[in-house]
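K.L.:
First the structure, which I've put down as structure tokens, then a few questions once you've had a look.
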Amino acid sequence: MTPDSRTLALPLTAPWRGALAAAALLGLALAMQQADGGLLDRAFAAAISALKPARAEGTAGALSDPRVNVEAYPVAGVTRNLSGLAWDAQRGHLWAVVNEPPQLLALDRDGDVLARHPLPGFNDVEGIAVLGDGRLLLAEERRQSLVVAPIPAANDAVLSRDGLPALTLALGGGDNAGIEGVAYDPARDRLFVVKEHSPRKLYEIRGLRASLAGHLEVEVIDREDWIRDKFVARDFSSVEYDPRTGHLILLSDASKLALELDADGRYVGYQGLAAGFAGLADSVPQAEGVTLDERGNLYVVSEPNLFYAFRPE
């Protein structure tokens with residue numbers, strides 16, 4: 001499939017006239033950056049709601065109109081900088097990271113802390129993925145490094161960076177706009193990496209787990225063609241791979257939504273994270289991590305320390 005065939009066409013049918021009107025509203029929302037934050041969120045949410053006719057017809061999605069059942073739950077012992085999130089199917093719990101001070105947390109499905117692990121030597125940890133075989137991948141934003149780490153053996157174990165294998169990507173100047181999120185496809189040994197902004201980027205890295213066994217065949221693919229026309233996502237704060245559908249979920253903090261792409265990078269749908277979507281009483285303030293479990297439950301963490309769980313209806 002060519003990149004051109006993935007570009008959204010705009011036939012001037014009645015639904016698309018509404019979509020074009022929504023695009024105008026979207027532009028107005030973006031122009032209101034200095035206005036009341038809640039007003040901007042509502043305007044942007046209204047715009048992307050009107051774009052719903054563009055959802056791919058007949059495509060099963062990972063985001064199945066979920067409803068929030070845990071909203072803005074403060075994670076115990078965390079006051080700020082809650083970031084990436086990943087589901088560990090083997091252990092039946094979530095992993096979360098705090099970028100400062102660096103910590104690894106085990107959480108249950110309701111956001112309660114099961115274990116807490118200091119991360120000495122790590123810097124600005126923003127993303128996490130489960131690699132399998134007792135290993136995690138931790139992403140350091142400023143260093144632009146992907147660090148392979150063993151799962152801690154005890155609930156109070158310290159996980160030091162010293163001596164751990166790492167892959168460093170040159171995504172820019174090493175400022176605070178580097179690696180923001182990671183997700184792993186264990187069946188095909190593919191890692192997906194997002195860069196937040198300036199510019200937004202999506203990379204696919206093939207062969208990471210095989211390289212740990214000594215097979216040096218890592219391939220890095222720039223998936224620019226997958227995200228070029230996805231203008232409703234103003235930034236990327238995290239990414240998730242859904243093995244049930246083969247789809248990617250791209251989280252956007254600035255746009256307050258999760259955007260779903262199929263295995264060819266085509267738009268499938270979205271889930272709004274602004275007030276009024278999925279039963280949310282208030283907007284998710286700063287969505288930084290997203291993951292799905294095998295039941296299709298959606299989990300989101302937000303700075304400073306908030307946990308959300310959504311159940312499919």
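Convention: chains lettered A, B, ... in structure tokens order; per-chain residue numbering from 1; ligands numbered from 1 as shown.
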Mind checking which residues fall within 12 Å of A:Ala115, counting only C-alpha atoms, ignoring those fewer than 3 positions away in the same chain, and posting them as a list in words?

P.N.:
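So the residues in contact are Val75, Ala76, Gly77, His93, Leu94, Trp95, Ala96, Val97, Gln103, Leu104, Leu105, Ala106, Leu107, Asp108, Gly111, Asp112, Pro118, Ile151, Pro152, Ala153, Ala154, Asn155, Asp156, Ala157 and Val158 of chain A.
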
K.L.:
May I have the residues within 8 Å of A:Ile227 as a list in words, using only C-alpha atoms and disregarding those fewer than 5 positions away in the same chain?

P.N.:
Lys201, Leu202 and Gly265 of chain A

K.L.:
Leaving out A:Pro150 and any residue of its chain fewer than 4 positions from it, which residues lie within 7 Å of it when counting only C-alpha atoms, given as a ChimeraX atom specification?

P.N.:
/A:134-136

K.L.:
Deliver the residues from the most recent selection as a file, using N, CA, C and O atoms, as a PDB file, in the first residue's frame.

P.N.:
ATOM      1  N   GLY A 134      11.089 -12.185  31.579  1.00  0.00           N
ATOM      2  CA  GLY A 134      11.542 -11.543  32.809  1.00  0.00           C
ATOM      3  C   GLY A 134      12.247 -10.227  32.612  1.00  0.00           C
ATOM      4  O   GLY A 134      13.010  -9.808  33.490  1.00  0.00           O
ATOM      5  N   ARG A 135      11.975  -9.530  31.493  1.00  0.00           N
ATOM      6  CA  ARG A 135      12.672  -8.269  31.212  1.00  0.00           C
ATOM      7  C   ARG A 135      11.697  -7.138  30.902  1.00  0.00           C
ATOM      8  O   ARG A 135      10.640  -7.345  30.310  1.00  0.00           O
ATOM      9  N   LEU A 136      12.117  -5.947  31.293  1.00  0.00           N
ATOM     10  CA  LEU A 136      11.408  -4.716  30.984  1.00  0.00           C
ATOM     11  C   LEU A 136      12.289  -3.833  30.117  1.00  0.00           C
ATOM     12  O   LEU A 136      13.522  -3.985  30.104  1.00  0.00           O
TER      13      LEU A 136
END

K.L.:
Compare A:Arg67, A:Arg91, A:Arg295, A:Arg142 by their minimum atom-to-atom distance to A:Gly127, counting only C-alpha atoms, and give me the closest one.

P.N.:
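Of all the options, A:Arg142 lies closest to A:Gly127.
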
K.L.:
Find the residues near A:Arg206: any atom within 9 Å, counting only C-alpha atoms, skip ones fewer than 2 places away on the same chain, and give them as an mmCIF file with N, CA, C and O atoms, in the first residue's frame.

P.N.:
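Written file, around.cif:
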data_model
loop_
_atom_site.group_PDB
_atom_site.id
_atom_site.type_symbol
_atom_site.label_atom_id
_atom_site.label_comp_id
_atom_site.auth_asym_id
_atom_site.auth_seq_id
_atom_site.Cartn_x
_atom_site.Cartn_y
_atom_site.Cartn_z
ATOM 1 N N ARG A 188 6.290 -10.407 17.005
ATOM 2 C CA ARG A 188 7.127 -10.069 15.852
ATOM 3 C C ARG A 188 8.406 -9.337 16.253
ATOM 4 O O ARG A 188 9.134 -8.859 15.382
ATOM 5 N N ASP A 189 8.687 -9.262 17.550
ATOM 6 C CA ASP A 189 9.889 -8.606 18.067
ATOM 7 C C ASP A 189 10.036 -7.200 17.485
ATOM 8 O O ASP A 189 11.052 -6.840 16.910
ATOM 9 N N ARG A 190 8.969 -6.411 17.675
ATOM 10 C CA ARG A 190 8.956 -5.030 17.191
ATOM 11 C C ARG A 190 8.719 -4.095 18.372
ATOM 12 O O ARG A 190 7.811 -4.306 19.172
ATOM 13 N N LEU A 191 9.520 -3.050 18.420
ATOM 14 C CA LEU A 191 9.362 -2.010 19.425
ATOM 15 C C LEU A 191 8.902 -0.737 18.727
ATOM 16 O O LEU A 191 9.460 -0.349 17.697
ATOM 17 N N PHE A 192 7.885 -0.086 19.284
ATOM 18 C CA PHE A 192 7.422 1.193 18.757
ATOM 19 C C PHE A 192 7.825 2.294 19.739
ATOM 20 O O PHE A 192 7.649 2.162 20.951
ATOM 21 N N GLU A 204 9.568 2.382 14.344
ATOM 22 C CA GLU A 204 9.446 0.947 14.581
ATOM 23 C C GLU A 204 10.855 0.355 14.584
ATOM 24 O O GLU A 204 11.622 0.556 13.638
ATOM 25 N N LEU A 208 14.999 -6.158 18.388
ATOM 26 C CA LEU A 208 15.641 -5.781 19.649
ATOM 27 C C LEU A 208 15.896 -6.996 20.534
ATOM 28 O O LEU A 208 16.999 -7.191 21.039
ATOM 29 N N ARG A 209 14.867 -7.825 20.732
ATOM 30 C CA ARG A 209 15.044 -8.983 21.608
ATOM 31 C C ARG A 209 16.053 -9.965 21.020
ATOM 32 O O ARG A 209 16.879 -10.544 21.739
ATOM 33 N N ALA A 210 16.029 -10.146 19.693
ATOM 34 C CA ALA A 210 16.991 -11.035 19.045
ATOM 35 C C ALA A 210 18.410 -10.519 19.229
ATOM 36 O O ALA A 210 19.348 -11.307 19.385
ATOM 37 N N GLU A 217 20.914 -7.597 14.234
ATOM 38 C CA GLU A 217 20.121 -7.285 13.049
ATOM 39 C C GLU A 217 19.013 -6.303 13.400
ATOM 40 O O GLU A 217 17.865 -6.459 12.987
ATOM 41 N N VAL A 218 19.332 -5.288 14.174
ATOM 42 C CA VAL A 218 18.348 -4.283 14.554
ATOM 43 C C VAL A 218 18.066 -3.373 13.357
ATOM 44 O O VAL A 218 18.981 -2.883 12.698
ATOM 45 N N GLU A 219 16.792 -3.172 13.070
ATOM 46 C CA GLU A 219 16.369 -2.308 11.969
ATOM 47 C C GLU A 219 15.460 -1.218 12.521
ATOM 48 O O GLU A 219 14.494 -1.507 13.232
ATOM 49 N N VAL A 220 15.760 0.046 12.221
ATOM 50 C CA VAL A 220 14.969 1.183 12.678
ATOM 51 C C VAL A 220 14.225 1.767 11.478
ATOM 52 O O VAL A 220 14.840 2.134 10.472
ATOM 53 N N ILE A 221 12.889 1.831 11.583
ATOM 54 C CA ILE A 221 12.040 2.314 10.496
ATOM 55 C C ILE A 221 11.317 3.575 10.960
ATOM 56 O O ILE A 221 10.658 3.577 12.007
#
